[in-house]
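Here's the structure, in C-alpha cells; my notes come after.
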Amino acid sequence: MSEANPKHSHGARHVAIIMDGNGRWAKKRFLPHAMGHKKGVEAVRRTVRAAGELGLEALTIYAFSSENWKRPEGEVNDLMMLLRNYIQSDLDEFIANNVRLKVIGNYKALAPDIVVLIDDAIAKTAHGDTTLAVALNYGSQDELLRVTRKIADMQSSGAIQPDAIDETLFASMLDTADLPPLDLLIRTSGEHRLSNFMLWQCAYAEMWFTDILWPDFGPEHLEQALEDFANRERRFGGR
C-alpha cells in the first residue's frame with residue numbers, strides 16, 4: 001500500500017477500534033440493548049467516512065468476537081440482523097468511495113445468508129484503495145493458533161525448516177497480512193483491555209482510551225485520537 005496521505009500530518013496508516021459501550025448507552029437511557037447496537041451502527045458509519053477524510057489507509061473495527069456467542073440469543077440475533085442491514089445499505093457507498101471491505105475472523109461460521117452477503121460485498125469492493133476491515137467471529141488467540149497450526153503442517157510436510165520460521169513469516173499468515181502495520185488502537189467506554197483483539201498486531205501500536213460510549217463516538221473523537229498519536233514518540237524498543 002501507499003504511504004499515509006500527505007495531506008494529513010498525523011502519520012497513521014492503520015487504526016483499529018474496539019467499539020464498546022452500546023449496552024451501557026442504552027441502559028443509561030432506559031432503552032433496550034438493540035437500540036444501543038442500532039446507534040452503534042450509526043457511529044460506525046460516521047467513523048468510516050471520517051477515516052477516509054482523515055487519510056487513513058485502513059480502519060479495522062471489532063464488530064463481533066468469538067466470545068460474543070455467549071451473549072443472550074436475542075441480542076446475538078439483533079446483532080446479526082444489523083450486520084445484514086449494514087452490508088446491504090452501505091455497499092453502494094463503499095463502491096462509490098473506493099472502500100475495500102475485508103473481514104478477519106471465521107465469518108464462514110455465520111448464517112449462510114450472511115456469508116453470501118459478505119462474499120458478494122468483498123468481491124464487489126475488491127479494487128478499493130482504502131480498507132474497512134471488520135472483525136467477525138474473531139478472537140486473536142484463535143488467529144494465532146490457526147497460524148501456528150499452518151506452520152506446523154508446513155514443517156511436518158517438509159515445506160519449511162525450523163530456522164525459516166520468523167516474525168515475517170508469522171505475520172504473513174495472519175488475517176491482517178495485507179494491511180499496513182497497526183499504528184493506533186482505540187477503545188471506547190472507559191475500559192482498558194484488549195479483549196482478545198489483535199494481540200500480535202498491537203505489539204508496538206499506540207493505545208488511546210476514552211470514556212465516550214461507542215454510540216456517541218464521532219469524527220471529532222477520531223481526529224482527537226490521531227492528533228494525540230501524532231504527538232507521541234514511537235521508538236519500537238530503541239532509544
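The chains in the C-alpha cells are called A, B, ... from first to last as shown; in each chain the residues are counted from 1, and the ligands are counted from 1 in the order shown.
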
Distance query Met19 of chain A at most 9 Å, only C-alpha atoms, self and fewer than 5 positions along chain excluded, as a list of chain:residue names: A:Gly40, A:Val44, A:Ile61, A:Tyr62, A:Ala63, A:Ile186, A:Arg187, A:Thr188, A:Ser189, A:Leu213, A:Trp214, A:Pro215

What's the 10 Å shell around Ala12 of chain A, counting only C-alpha atoms, without same-chain residues fewer than 5 positions away, as a PyMOL selection string? chain A and resi 3-5+54-58+180-184+226-227+229-230

Using only C-alpha atoms for the distances, tell me which of A:Gln88, A:Asn22, A:Ser66, A:Asn77 is nearest to Ile118 of chain A.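 Going through A:Gln88, A:Asn22, A:Ser66, A:Asn77 one by one, the smallest distance to Ile118 of chain A is for A:Gln88.
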
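Nearest-residue note for Ala164 of chain A: choosing from A:Met207, A:Val41, A:Glu223, A:Ile151, the minimum distance belongs to A:Ile151, counting only C-alpha atoms.
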
Find the residues around Ile104 of chain A up to 10 Å (only C-alpha atoms counted), leave out those fewer than 4 positions away in its own chain, and share them as a short mmCIF file (atom, residue, chain, number, x, y, z; two decimals) with C-alpha atoms, in the first residue's frame.
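See around-v8.cif below for the written result:
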```cif
data_model
loop_
_atom_site.label_atom_id
_atom_site.label_comp_id
_atom_site.auth_asym_id
_atom_site.auth_seq_id
_atom_site.Cartn_x
_atom_site.Cartn_y
_atom_site.Cartn_z
CA THR A 60 -10.29 -2.22 11.50
CA ILE A 61 -13.35 -2.49 13.73
CA TYR A 62 -14.13 -5.19 16.30
CA ALA A 133 -11.62 -4.50 7.91
CA VAL A 134 -14.43 -5.92 10.03
CA ALA A 135 -13.58 -8.46 12.73
CA LEU A 136 -16.42 -11.01 12.74
CA ASN A 137 -16.39 -14.15 14.89
CA TYR A 138 -12.81 -13.07 15.57
CA GLY A 139 -10.54 -13.86 18.50
CA SER A 140 -6.84 -13.09 18.42
CA GLU A 143 -5.97 -16.38 14.93
CA LEU A 174 -2.22 -13.51 9.93
CA ASP A 175 -5.70 -12.38 8.89
CA THR A 176 -4.30 -8.85 8.59
#
```

Write out as a VMD selection string each polymer residue whose atoms come within 12 Å of segment 81-84 of chain A, counting only C-alpha atoms; drop sequence neighbours fewer than 3 positions from it. chain A and resid 34 to 42 44 63 to 64 74 to 78 87 to 91 107 110 to 118 121 134 to 136

To test your reading of the structure, identify every residue in segment 15-86 of chain A that backbone DSSP assigns to alpha helix (DSSP H), and report it as a PDB file with C-alpha atoms, in the first residue's frame.
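See result.pdb below for the written result:
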```pdb
ATOM      1  CA  ASN A  22     -23.566   0.120  23.229  1.00  0.00           C
ATOM      2  CA  GLY A  23     -25.309  -1.654  26.083  1.00  0.00           C
ATOM      3  CA  ARG A  24     -24.388   0.977  28.661  1.00  0.00           C
ATOM      4  CA  TRP A  25     -25.506   3.731  26.304  1.00  0.00           C
ATOM      5  CA  ALA A  26     -28.936   2.100  26.034  1.00  0.00           C
ATOM      6  CA  LYS A  27     -29.166   1.351  29.767  1.00  0.00           C
ATOM      7  CA  LYS A  28     -28.489   4.986  30.674  1.00  0.00           C
ATOM      8  CA  HIS A  33     -29.892  -3.201  24.122  1.00  0.00           C
ATOM      9  CA  ALA A  34     -30.978  -3.394  20.481  1.00  0.00           C
ATOM     10  CA  MET A  35     -31.310   0.381  20.338  1.00  0.00           C
ATOM     11  CA  GLY A  36     -27.755   0.773  21.629  1.00  0.00           C
ATOM     12  CA  HIS A  37     -26.464  -1.522  18.901  1.00  0.00           C
ATOM     13  CA  LYS A  38     -28.506   0.356  16.281  1.00  0.00           C
ATOM     14  CA  LYS A  39     -26.973   3.647  17.377  1.00  0.00           C
ATOM     15  CA  GLY A  40     -23.607   1.921  17.357  1.00  0.00           C
ATOM     16  CA  VAL A  41     -24.039   1.161  13.646  1.00  0.00           C
ATOM     17  CA  GLU A  42     -24.618   4.873  13.041  1.00  0.00           C
ATOM     18  CA  ALA A  43     -21.318   5.549  14.834  1.00  0.00           C
ATOM     19  CA  VAL A  44     -19.608   3.014  12.564  1.00  0.00           C
ATOM     20  CA  ARG A  45     -20.965   4.810   9.521  1.00  0.00           C
ATOM     21  CA  ARG A  46     -19.716   8.206  10.779  1.00  0.00           C
ATOM     22  CA  THR A  47     -16.322   6.835  11.671  1.00  0.00           C
ATOM     23  CA  VAL A  48     -15.756   5.020   8.380  1.00  0.00           C
ATOM     24  CA  ARG A  49     -16.485   8.220   6.491  1.00  0.00           C
ATOM     25  CA  ALA A  50     -14.218  10.237   8.777  1.00  0.00           C
ATOM     26  CA  ALA A  51     -11.386   7.712   8.397  1.00  0.00           C
ATOM     27  CA  GLY A  52     -11.361   8.311   4.657  1.00  0.00           C
ATOM     28  CA  GLU A  53     -11.465  12.073   5.081  1.00  0.00           C
ATOM     29  CA  GLU A  73     -29.621 -15.391  21.874  1.00  0.00           C
ATOM     30  CA  GLY A  74     -31.927 -12.445  21.243  1.00  0.00           C
ATOM     31  CA  GLU A  75     -29.047  -9.977  21.421  1.00  0.00           C
ATOM     32  CA  VAL A  76     -26.924 -12.086  19.056  1.00  0.00           C
ATOM     33  CA  ASN A  77     -29.835 -12.256  16.602  1.00  0.00           C
ATOM     34  CA  ASP A  78     -30.220  -8.464  16.766  1.00  0.00           C
ATOM     35  CA  LEU A  79     -26.511  -8.024  16.017  1.00  0.00           C
ATOM     36  CA  MET A  80     -26.694 -10.372  13.050  1.00  0.00           C
ATOM     37  CA  MET A  81     -29.706  -8.533  11.642  1.00  0.00           C
ATOM     38  CA  LEU A  82     -27.900  -5.205  11.993  1.00  0.00           C
ATOM     39  CA  LEU A  83     -24.933  -6.714  10.158  1.00  0.00           C
ATOM     40  CA  ARG A  84     -27.175  -7.823   7.294  1.00  0.00           C
ATOM     41  CA  ASN A  85     -28.762  -4.371   7.085  1.00  0.00           C
ATOM     42  CA  TYR A  86     -25.421  -2.560   7.228  1.00  0.00           C
TER      43      TYR A  86
END
```

Write out as an MDAnalysis selection string all residues of segment 6-80 of chain A that backbone DSSP assigns to strand (DSSP E or B). chainID A and resid 14:18 58:65

Writer output for current selection, N, CA, C and O atoms, as a PDB file, in the first residue's frame:
```pdb
ATOM      1  N   HIS A  14      -2.956   2.886   9.716  1.00  0.00           N
ATOM      2  CA  HIS A  14      -3.917   1.846  10.107  1.00  0.00           C
ATOM      3  C   HIS A  14      -4.354   2.072  11.556  1.00  0.00           C
ATOM      4  O   HIS A  14      -3.528   2.115  12.470  1.00  0.00           O
ATOM      5  N   VAL A  15      -5.644   2.214  11.750  1.00  0.00           N
ATOM      6  CA  VAL A  15      -6.245   2.393  13.082  1.00  0.00           C
ATOM      7  C   VAL A  15      -7.248   1.267  13.315  1.00  0.00           C
ATOM      8  O   VAL A  15      -7.987   0.883  12.401  1.00  0.00           O
ATOM      9  N   ALA A  16      -7.265   0.739  14.526  1.00  0.00           N
ATOM     10  CA  ALA A  16      -8.250  -0.273  14.908  1.00  0.00           C
ATOM     11  C   ALA A  16      -9.061   0.256  16.085  1.00  0.00           C
ATOM     12  O   ALA A  16      -8.540   1.005  16.918  1.00  0.00           O
ATOM     13  N   ILE A  17     -10.329  -0.151  16.144  1.00  0.00           N
ATOM     14  CA  ILE A  17     -11.215   0.338  17.203  1.00  0.00           C
ATOM     15  C   ILE A  17     -11.955  -0.825  17.859  1.00  0.00           C
ATOM     16  O   ILE A  17     -12.583  -1.639  17.174  1.00  0.00           O
ATOM     17  N   ILE A  18     -11.869  -0.881  19.194  1.00  0.00           N
ATOM     18  CA  ILE A  18     -12.729  -1.762  19.981  1.00  0.00           C
ATOM     19  C   ILE A  18     -13.951  -0.932  20.341  1.00  0.00           C
ATOM     20  O   ILE A  18     -13.877  -0.031  21.178  1.00  0.00           O
ATOM     21  N   ALA A  58      -6.354   2.176   6.279  1.00  0.00           N
ATOM     22  CA  ALA A  58      -7.107   1.034   6.783  1.00  0.00           C
ATOM     23  C   ALA A  58      -7.715   1.360   8.142  1.00  0.00           C
ATOM     24  O   ALA A  58      -7.066   1.987   8.993  1.00  0.00           O
ATOM     25  N   LEU A  59      -8.948   0.924   8.319  1.00  0.00           N
ATOM     26  CA  LEU A  59      -9.647   1.013   9.596  1.00  0.00           C
ATOM     27  C   LEU A  59     -10.166  -0.386   9.909  1.00  0.00           C
ATOM     28  O   LEU A  59     -10.867  -0.990   9.095  1.00  0.00           O
ATOM     29  N   THR A  60      -9.811  -0.909  11.078  1.00  0.00           N
ATOM     30  CA  THR A  60     -10.289  -2.219  11.500  1.00  0.00           C
ATOM     31  C   THR A  60     -11.205  -2.049  12.702  1.00  0.00           C
ATOM     32  O   THR A  60     -10.826  -1.396  13.682  1.00  0.00           O
ATOM     33  N   ILE A  61     -12.398  -2.618  12.636  1.00  0.00           N
ATOM     34  CA  ILE A  61     -13.351  -2.490  13.734  1.00  0.00           C
ATOM     35  C   ILE A  61     -13.705  -3.865  14.283  1.00  0.00           C
ATOM     36  O   ILE A  61     -13.873  -4.825  13.539  1.00  0.00           O
ATOM     37  N   TYR A  62     -13.815  -3.937  15.601  1.00  0.00           N
ATOM     38  CA  TYR A  62     -14.131  -5.185  16.297  1.00  0.00           C
ATOM     39  C   TYR A  62     -15.644  -5.273  16.413  1.00  0.00           C
ATOM     40  O   TYR A  62     -16.249  -4.730  17.322  1.00  0.00           O
ATOM     41  N   ALA A  63     -16.268  -5.972  15.474  1.00  0.00           N
ATOM     42  CA  ALA A  63     -17.729  -5.984  15.387  1.00  0.00           C
ATOM     43  C   ALA A  63     -18.370  -7.119  16.180  1.00  0.00           C
ATOM     44  O   ALA A  63     -19.424  -6.944  16.797  1.00  0.00           O
ATOM     45  N   PHE A  64     -17.752  -8.310  16.145  1.00  0.00           N
ATOM     46  CA  PHE A  64     -18.339  -9.462  16.840  1.00  0.00           C
ATOM     47  C   PHE A  64     -17.217 -10.441  17.148  1.00  0.00           C
ATOM     48  O   PHE A  64     -16.599 -10.992  16.233  1.00  0.00           O
ATOM     49  N   SER A  65     -16.962 -10.650  18.427  1.00  0.00           N
ATOM     50  CA  SER A  65     -15.866 -11.525  18.819  1.00  0.00           C
ATOM     51  C   SER A  65     -16.327 -12.971  18.898  1.00  0.00           C
ATOM     52  O   SER A  65     -17.531 -13.264  18.966  1.00  0.00           O
TER      53      SER A  65
END
```

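With only C-alpha atoms as the atoms that count, the residue of A:Gly21, A:Gly158, A:Gly190, A:Gly237 with the shortest distance to Asp216 of chain A is A:Gly21.
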
Among the residues A:Thr131, A:Thr125, A:Gln224, A:Asn98, the one that comes closest to Trp208 of chain A [using only C-alpha atoms]: A:Gln224

Rounded to one decimal in Å, what is the spacing between atom CA of Gly105 of chain A and atom CA of Met154 of chain A?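 For atom CA of Gly105 of chain A relative to atom CA of Met154 of chain A, the distance reads 21.4 Å.
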
For Leu169 of chain A, find every residue with an atom within 12 Å (counting only C-alpha atoms), except residues of its own chain fewer than 6 positions away, and show them as a PyMOL selection string. chain A and resi 147-148+150-151+154+160-163+177

Would you mind exporting C-alpha atoms of the selected residues as a short mmCIF file (atom, residue, chain, number, x, y, z; two decimals), in the first residue's frame?
```
data_model
loop_
_atom_site.label_atom_id
_atom_site.label_comp_id
_atom_site.auth_asym_id
_atom_site.auth_seq_id
_atom_site.Cartn_x
_atom_site.Cartn_y
_atom_site.Cartn_z
CA VAL A 147 -1.26 -19.62 12.10
CA THR A 148 0.69 -21.93 14.41
CA LYS A 150 -0.45 -23.92 9.45
CA ILE A 151 3.24 -23.56 10.18
CA MET A 154 4.22 -26.94 6.65
CA ILE A 160 9.62 -25.28 5.68
CA GLN A 161 12.58 -25.68 8.02
CA PRO A 162 12.51 -24.53 11.66
CA ASP A 163 15.14 -21.81 11.14
CA ALA A 177 -1.32 -9.79 6.40
#
```

Interatomic distance between atom CA of Val99 of chain A and atom CA of Asp129 of chain A?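 If I compute the distance from atom CA of Val99 of chain A to atom CA of Asp129 of chain A, I get 6.3 Å.
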
At what distance in Å, to one decimal, does atom CA of Arg71 of chain A lie from atom CA of Arg146 of chain A?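 About the pair atom CA of Arg146 of chain A and atom CA of Arg71 of chain A: they are 24.3 Å apart.
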